[in-house]
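Each remark here refers to the structure printed beneath this line.
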2 protein chains.
Amino acid sequence: MTSLDQPKASGYRPPAVPDVDVRGFWGERIDAVADRTAMILYERCVAAGMFDQIDPARPVPPVRMPWHARADGSPDTVNVQMFWDSDVAKVIETAAYALYRKPNPDLEAKVDAIIDMFAGLQLPDGYMNSWFIRMQPGQRWTNLRDCHELYCAGHLVEGAVAYFHATGKRKLLDVMCRYADHIDAMFGPRPGQKPGYCGHEEIELALIRLGRTTGEQRYLDLARYFIDARGQQPHYFDVEAAARGADPAQFRHKTYQYNQSHLPVRGQTKVIGHAVRAMYLYSGMADVATEFGDDTLTDALKVLWEDLTSRQMYVTGGIGPAASNEGFTDYYDLPNESAYAETCAAVGLMMWASRMLGRGPDRHYADIMEQALYNGALSGLSIDGSRFFYDNPLESRGGHHRWTWHRCPCCPPNIARTVAAIGSYMYGVSGDGIAVHLYGANTARLNVGATAVTLTQETRYPADGRVAIAIRLDSPASFNLALRVPGWCETAGLSLNGQGVEPGEMRGGYIHLTREWRDGDRLELDLPMQVRALRAHPAVKADLGRVAIARGPLIYCAEEVDNDADLNALIVPADLSQARTAELPGLAGTVAIEIPVQREQWPQRAGKLYDSRPPELARTTARLVPYHLWDNREPGEMLVWLRTGQ
Amino acid sequence: MTSLDQPKASGYRPPAVPDVDVRGFWGERIDAVADRTAMILYERCVAAGMFDQIDPARPVPPVRMPWHARADGSPDTVNVQMFWDSDVAKVIETAAYALYRKPNPDLEAKVDAIIDMFAGLQLPDGYMNSWFIRMQPGQRWTNLRDCHELYCAGHLVEGAVAYFHATGKRKLLDVMCRYADHIDAMFGPRPGQKPGYCGHEEIELALIRLGRTTGEQRYLDLARYFIDARGQQPHYFDVEAAARGADPAQFRHKTYQYNQSHLPVRGQTKVIGHAVRAMYLYSGMADVATEFGDDTLTDALKVLWEDLTSRQMYVTGGIGPAASNEGFTDYYDLPNESAYAETCAAVGLMMWASRMLGRGPDRHYADIMEQALYNGALSGLSIDGSRFFYDNPLESRGGHHRWTWHRCPCCPPNIARTVAAIGSYMYGVSGDGIAVHLYGANTARLNVGATAVTLTQETRYPADGRVAIAIRLDSPASFNLALRVPGWCETAGLSLNGQGVEPGEMRGGYIHLTREWRDGDRLELDLPMQVRALRAHPAVKADLGRVAIARGPLIYCAEEVDNDADLNALIVPADLSQARTAELPGLAGTVAIEIPVQREQWPQRAGKLYDSRPPELARTTARLVPYHLWDNREPGEMLVWLRTGQ
């Protein structure tokens, strides 16, 4: 055990990242992050000038700085951003997980140098934010609504915790504890304190993490305070705006729904506003619910969960269809080509889902966590870990490609830290049991109460649904082992030491096995993966008369490189019994799906816009690949929702 | 003959409005305009405060004035608009045609009073524009790009010509001739003249109308000058902006494509920018081509026509999909629910098409004229003539309804003047022939050379495709009669005095009959109207897997009032042989279409967003009504492009 993130009471908590050695599908992805992405992120922060803002040893930069050239070669510029601390923090967090995976003295030295900058920035009272110390001194804590001040602190806390776990070095953790103490003194209900909270949620979940790591109850209490204060009247953002002489009505995003402060959180029933903000809030609420056993929060979260997942989520687990507010719009408004579906938002949904599992295993949450992970989140990172999607449309006419960087560089480190930490999402551990939420080749060293348990999964998942789980124990021990049966699997099979086991008690979509386990026990779980055609709710206009092809947890798509152009001319039959799987060596050895389809052809049209002649239909075979892998080969069209016949 | 709009040389020109007595389908619509719309338009101009701006006897109003209340009852305001002269001008033009139809001393007195205002406004040098005389004195002719100055003049010219024809009163015509003389002196290639043209085309076609009415060649020449000068370098709008100390790059609409001045007109190949502007430009170009026999313009127009009608036109004849520029976007970008498709733009397309017929009958143009007329244009006016559509989407979820007025009140008088003048669109007359472009019950008094010909159409068109045409002559006369066979009609039948006639020579989709006609000759044309399912070019993504149902010139739609909600659950079969027509008494006796269809049902879905179970299908009958009649009954969903099975 290297982690201090241990369960304190009831409830299930994730293992620490280094407690799970990941191999197989995810092992390769983590290696790409450790070998390439972590250093790429660092170098792009350098190139973007971020350390010019942060490093107290350098001159204060102008707000507008040179940036790399435009596509046409002309020089470009970038504005220093008040949220850059948070991006650097996620780079530190990614580097920390990379260092868990593989020692890298060069990377570690670079992170130590960044930490020295932050330590050098910190003021005697504990305050530590590069924007308000260097770019806008004197204005700290005057605009929580817009300025990402507590959000930056939250990400730095997460980076500090991860780096402490990775290296044992306390410097950044100590900096952030002093800063958290300052924040704790500044905000709260007592006279002289500000009854505020951040316009971009993040500090809440970070304080829970800090509290769990340090054992300091004040941090947990402060997280709860921020959750409870949100949206109360008189509205803090109104009061704060008036105090700085601004008209509260002149809010750029018009409504406090944007940052989920339009109502107290327990009264919120619709998932609304900026998608990442919403996910981080709900993650923090779930953490507080777990930590304090607060069912009033859990009840609110259940309503919000249903609202999101039954009306506002892409089949990829992408969320937030609109670029205008980077967030939610109307129910069932899920356009495919213009989908915003920010990588960070899918990561946020994973974070929320994983925290909903804190009250116990329930595939209601774990299925969606897996759906977002394998599709809308993982799509954000190229196979080799060097390029990134910010928005994740479900259809492209050929003009949407991965970025090497983005002006708002939140997504690359967010998906990188999530991939590198994937082991911690795979399990939940309580005082008397282990829940297996995600399958994948790995070895996990877990403590159930005082019992050390080593679980080893051998599997090709997600290429194949067979999973062998070997249990190593110093001595026989009784505990509950809960194995998730995904909702997409209709007939799971299970054997123990070669003997078939009736799944027996299923609760919340998990097989619960409570028995005395012995060293060398071996479970074999079979989750057959049929090719499925998913249909959207008929109110989702963009998907009418269309199907999304899925296998196991993976949503598939057609790419032009496999199918020629005009993907919308392909018509998938209602009967998928002729669908075949095939290994695709050119694409990380993935399992492709091949389906006999029809292709519409219009030989007689000759430029006519409207015509009463129907198209001719030709037989062909469509090849589909996992959505998360798209745009890793030649550029071209991409389509998730394929047209279907009746 | 009451009109001076007579052909001067070769080419076909429309008859004057009073030369065609319209009955039947269009007669009822004209009566609604004469009985209600004309006065409604006047009264809404009063309510909007337009005459406060125009009347020189009143105090100059503030730019912002009270307006009628918002939906919630709170007071609202409206800005005085620099283009209000044009809206009042179209009200005058509508009133003129209404007075052709039915004497109305009250309406005539009101128009006379408006004309007195304009006459009183006119300055000694002939200038006459209420905005620049009263609201921004001293700034005339400094911003042709943005200020609609020549555009207003053009509409007033059209109003003046129509009112002169209706009443014989020359007052406004004389005002506008003096103003046209002023414009003629101000603009042109000579030293001391401005080489300018208007940012909103209209003056060009208006000057042609004025030249034809007055016989004054200078007006025709000035129209040609404005056409020829457009888009030449140095760019007039650049020069003009610099002259008033403005940065030419700070153009609100960013590119001169917006007003079609990005290139000289003969070099333009893509229909682009603001849709109404484009249509008015091409109308003026076609008029100049006809008047001057200029095939360089005709050639350019043919390219533009093909560009528009094969890539950028809704099946309703609506054009300009985007609200952002009130105009054109990418090829095949024709979204249905968000279609802007302004009524004025469909009217403009009719105007352009009718002018393309000036070089001779050709259904290439007449078919589109009819398509725009019966669908995307006529939809702009409710059956009773009291309510208006500004934008004309092809799908509505139930929230799109006719307005009683609009802040930008261009469409109501535009569709009203067009309906009231429909007789002039029905025929083309040359020195030796008559072309029948549109069918409908009417009696037309036409002069072919020196021969007076009276044509009477008896028909229920567009409810039925049988048309009887009776010819009255003082004495036998030889001339060509060209009868359009619409492209949608596969097998036209024709008889003369009860004897079948082989259609024989067809040119440009017209049956040409050249013979000696005798008084009492009677033609019977049969244009069978099959129910047709139109399919869009596969590049029109919004229409993939969908059909638009048509019969004769009418495009049909489904409304919720006939079909319950969820119109997108209806699946039209590929085979329409079971489709039936039925009179619908509740909707102006129109011909409805009833089709056996399937309706998707999702009984097991229970709130799930994605599900692998396909829908169940139930049999039902869909009732469709002509698109132009939608939203005349209970509000609800509407859908033109219905889903279809393979």
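Identifiers for the structure tokens are assigned positionally: chains receive A, B, ... in sequence, residues are indexed from 1 per chain, and ligands are indexed from 1 in the order shown.
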- Query: Could you pull out all residues of segment 240-311 of chain A with a DSSP call of alpha helix (DSSP H) and give them as a PyMOL selection string?
  - Reply: chain A and resi 240-243+275-292+295-311
Hey, could you make a per-residue contact list for chain A against chain B with 6 Å as the cut-off, showing the nearest pair of atoms and its distance in Å to one decimal, counting only C-alpha atoms, sorted by chain and number, as a tab-separated table?
residue	atom	partner	partner_atom	distance
A:Ser310	CA	B:Leu609	CA	4.8
A:Ala533	CA	B:Ser612	CA	5.6
A:Leu534	CA	B:Ser612	CA	4.4
A:Arg535	CA	B:Asp611	CA	5.4
A:Ala536	CA	B:Tyr610	CA	4.6
A:His537	CA	B:Leu609	CA	5.0
A:Lys608	CA	B:Ser310	CA	5.7
A:Leu609	CA	B:Ser310	CA	4.8
A:Tyr610	CA	B:Ala536	CA	4.6
A:Asp611	CA	B:Leu534	CA	5.3
A:Ser612	CA	B:Leu534	CA	4.4
Can I get the selection written as a CSV table (one decimal), in the first residue's frame, with N, CA and C atoms?
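Result written to selection.csv:
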chain,number,residue,atom,x,y,z
A,310,SER,N,-30.7,9.8,-19.3
A,310,SER,CA,-31.9,9.3,-20.0
A,310,SER,C,-32.4,10.4,-21.0
A,533,ALA,N,-27.1,-3.4,-32.4
A,533,ALA,CA,-27.5,-2.2,-33.0
A,533,ALA,C,-28.3,-1.4,-32.0
A,534,LEU,N,-27.8,-0.2,-31.6
A,534,LEU,CA,-28.5,0.6,-30.6
A,534,LEU,C,-29.4,1.6,-31.4
A,535,ARG,N,-30.5,1.9,-30.9
A,535,ARG,CA,-31.4,2.9,-31.4
A,535,ARG,C,-31.6,3.9,-30.3
A,536,ALA,N,-31.7,5.2,-30.8
A,536,ALA,CA,-31.9,6.3,-29.9
A,536,ALA,C,-33.3,6.5,-29.6
A,537,HIS,N,-33.6,7.1,-28.5
A,537,HIS,CA,-35.0,7.5,-28.2
A,537,HIS,C,-35.5,8.3,-29.4
A,608,LYS,N,-29.7,17.0,-60.5
A,608,LYS,CA,-31.0,17.5,-60.1
A,608,LYS,C,-31.1,17.5,-58.6
A,609,LEU,N,-31.6,18.6,-58.1
A,609,LEU,CA,-31.7,18.8,-56.6
A,609,LEU,C,-32.9,17.9,-56.1
A,610,TYR,N,-34.0,17.9,-56.8
A,610,TYR,CA,-35.2,17.1,-56.3
A,610,TYR,C,-35.6,16.3,-57.5
A,611,ASP,N,-36.0,15.0,-57.2
A,611,ASP,CA,-36.3,14.1,-58.3
A,611,ASP,C,-37.2,13.0,-57.7
A,612,SER,N,-38.1,12.5,-58.5
A,612,SER,CA,-39.0,11.5,-57.9
A,612,SER,C,-38.4,10.1,-58.1
- Task: Do a neighbour search on Glu560 of chain B at 9 Å with only C-alpha atoms, toss out local chain neighbours closer than 6 positions, and write the hits as a ChimeraX atom specification.
- Result: /B:398,566-567,634-639
Resulting file, chosen residues, all heavy atoms, as an mmCIF file, in the first residue's frame:
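That gives us out-v6.cif:
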data_model
loop_
_atom_site.group_PDB
_atom_site.id
_atom_site.type_symbol
_atom_site.label_atom_id
_atom_site.label_comp_id
_atom_site.auth_asym_id
_atom_site.auth_seq_id
_atom_site.Cartn_x
_atom_site.Cartn_y
_atom_site.Cartn_z
ATOM 1 N N GLY B 398 -43.805 22.877 -33.334
ATOM 2 C CA GLY B 398 -45.049 23.412 -32.818
ATOM 3 C C GLY B 398 -44.929 24.835 -32.312
ATOM 4 O O GLY B 398 -45.911 25.430 -31.893
ATOM 5 N N ASP B 566 -45.672 13.915 -33.026
ATOM 6 C CA ASP B 566 -44.603 12.986 -33.431
ATOM 7 C C ASP B 566 -44.686 12.655 -34.911
ATOM 8 O O ASP B 566 -44.733 11.491 -35.317
ATOM 9 C CB ASP B 566 -44.650 11.687 -32.607
ATOM 10 C CG ASP B 566 -44.253 11.929 -31.164
ATOM 11 O OD1 ASP B 566 -43.482 12.885 -30.924
ATOM 12 O OD2 ASP B 566 -44.711 11.178 -30.298
ATOM 13 N N LEU B 567 -44.673 13.683 -35.715
ATOM 14 C CA LEU B 567 -44.769 13.472 -37.167
ATOM 15 C C LEU B 567 -43.573 12.705 -37.695
ATOM 16 O O LEU B 567 -43.660 12.045 -38.728
ATOM 17 C CB LEU B 567 -44.889 14.829 -37.866
ATOM 18 C CG LEU B 567 -46.140 15.626 -37.495
ATOM 19 C CD1 LEU B 567 -46.116 17.007 -38.151
ATOM 20 C CD2 LEU B 567 -47.406 14.873 -37.882
ATOM 21 N N GLU B 634 -55.347 24.798 -35.899
ATOM 22 C CA GLU B 634 -54.759 24.708 -34.565
ATOM 23 C C GLU B 634 -53.241 24.584 -34.671
ATOM 24 O O GLU B 634 -52.730 23.892 -35.538
ATOM 25 C CB GLU B 634 -55.288 23.480 -33.808
ATOM 26 C CG GLU B 634 -56.751 23.556 -33.449
ATOM 27 C CD GLU B 634 -57.618 22.899 -34.520
ATOM 28 O OE1 GLU B 634 -57.806 23.527 -35.593
ATOM 29 O OE2 GLU B 634 -58.085 21.784 -34.298
ATOM 30 N N PRO B 635 -52.519 25.226 -33.762
ATOM 31 C CA PRO B 635 -51.054 25.152 -33.820
ATOM 32 C C PRO B 635 -50.573 23.749 -33.484
ATOM 33 O O PRO B 635 -51.249 22.983 -32.816
ATOM 34 C CB PRO B 635 -50.613 26.152 -32.756
ATOM 35 C CG PRO B 635 -51.755 26.248 -31.819
ATOM 36 C CD PRO B 635 -52.997 26.034 -32.648
ATOM 37 N N GLY B 636 -49.401 23.434 -33.987
ATOM 38 C CA GLY B 636 -48.812 22.127 -33.699
ATOM 39 C C GLY B 636 -47.610 21.884 -34.588
ATOM 40 O O GLY B 636 -47.123 22.783 -35.274
ATOM 41 N N GLU B 637 -47.168 20.636 -34.573
ATOM 42 C CA GLU B 637 -46.022 20.267 -35.390
ATOM 43 C C GLU B 637 -46.352 20.355 -36.884
ATOM 44 O O GLU B 637 -47.507 20.240 -37.280
ATOM 45 C CB GLU B 637 -45.618 18.812 -35.100
ATOM 46 C CG GLU B 637 -45.053 18.559 -33.731
ATOM 47 C CD GLU B 637 -44.681 17.079 -33.579
ATOM 48 O OE1 GLU B 637 -44.349 16.419 -34.582
ATOM 49 O OE2 GLU B 637 -44.746 16.578 -32.450
ATOM 50 N N MET B 638 -45.313 20.520 -37.689
ATOM 51 C CA MET B 638 -45.462 20.491 -39.145
ATOM 52 C C MET B 638 -44.204 19.853 -39.715
ATOM 53 O O MET B 638 -43.106 20.044 -39.191
ATOM 54 C CB MET B 638 -45.635 21.910 -39.684
ATOM 55 C CG MET B 638 -45.833 22.008 -41.192
ATOM 56 S SD MET B 638 -44.312 21.918 -42.181
ATOM 57 C CE MET B 638 -43.504 23.465 -41.702
ATOM 58 N N LEU B 639 -44.384 19.092 -40.786
ATOM 59 C CA LEU B 639 -43.242 18.404 -41.386
ATOM 60 C C LEU B 639 -43.453 18.243 -42.885
ATOM 61 O O LEU B 639 -44.484 17.725 -43.322
ATOM 62 C CB LEU B 639 -43.076 17.021 -40.737
ATOM 63 C CG LEU B 639 -41.857 16.200 -41.141
ATOM 64 C CD1 LEU B 639 -40.565 16.906 -40.750
ATOM 65 C CD2 LEU B 639 -41.909 14.816 -40.484
#
- Item | Separation of atom CA of Asp367 of chain A from atom CA of Val271 of chain A in Å |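 Rounded to one decimal, the two atoms are 19.1 Å apart.
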- Task: Write out as number ranges by chain each polymer residue whose atoms come within 10 Å of Gly327 of chain A, counting only C-alpha atoms; drop sequence neighbours fewer than 2 positions from it.
- Result: A: 258, 271-278, 319-325, 329, 340-342, 345
- Could you jot down the atom CA of Leu554 of chain A to atom CA of Ile511 of chain A separation for me, Å, one decimal place? 22.1 Å
- Query: Looking at only C-alpha atoms, which of B:His182, B:His155, B:Arg484, B:Arg266 is the one that sits closest to Ile227 of chain B?
  - Reply: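 Smallest distance to Ile227 of chain B is found for B:Arg266.
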- Item | Nearby residues (only C-alpha atoms) at most 10 Å from Tyr556 of chain A, same-chain spacing under 4 positions excluded, as a ChimeraX atom specification | /A:316,375,531,548-551,592-593,623-630,639-641
- Message: Would you compute the distance between atom CA of Asn104 of chain B and atom CA of Pro409 of chain B? Give it in Å to one decimal.
- Response: 23.7 Å
List as a compact mmCIF listing (two decimals) with N, CA, C and O atoms, in the first residue's frame the protein and nucleic acid residues near Gly154 of chain A, meaning an atom at most 8 Å away when only C-alpha atoms are counted, but skip any in the same chain fewer than 6 places from it.
# COMPACT_ATOMS: atom_id res chain seq x y z
N SER A 86 -4.32 25.73 -13.46
CA SER A 86 -5.02 24.45 -13.43
C SER A 86 -4.49 23.51 -14.50
O SER A 86 -4.42 22.29 -14.30
N GLU A 202 -14.64 22.47 -8.65
CA GLU A 202 -13.44 21.60 -8.69
C GLU A 202 -12.84 21.52 -7.30
O GLU A 202 -12.40 20.47 -6.84
N ILE A 203 -12.85 22.69 -6.59
CA ILE A 203 -12.25 22.74 -5.26
C ILE A 203 -12.91 21.73 -4.32
O ILE A 203 -12.26 21.18 -3.42
N GLU A 204 -14.20 21.47 -4.53
CA GLU A 204 -14.94 20.61 -3.61
C GLU A 204 -14.35 19.19 -3.61
O GLU A 204 -14.03 18.63 -2.56
N LEU A 205 -14.25 18.62 -4.83
CA LEU A 205 -13.73 17.25 -4.89
C LEU A 205 -12.26 17.22 -4.50
O LEU A 205 -11.77 16.23 -3.93
N ALA A 206 -11.54 18.30 -4.79
CA ALA A 206 -10.12 18.34 -4.46
C ALA A 206 -9.92 18.36 -2.94
O ALA A 206 -9.01 17.72 -2.41
N LEU A 207 -10.76 19.11 -2.24
CA LEU A 207 -10.63 19.18 -0.78
C LEU A 207 -10.93 17.83 -0.14
O LEU A 207 -10.34 17.47 0.87
- Message: Set the distance at 10 Å and use only C-alpha atoms: which residues neighbour Asp464 of chain B once local chain neighbours fewer than 5 positions away are removed? I'd like the list as a PyMOL selection string.
- Response: chain B and resi 459+526-529+551-552+591
- Given only C-alpha atoms as the counted atoms, nearest of A:Met426, A:Cys198, A:Ala96, A:Ala119 to Asn442 of chain A: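 Between A:Met426, A:Cys198, A:Ala96, A:Ala119, the residue approaching Asn442 of chain A most closely is A:Met426.
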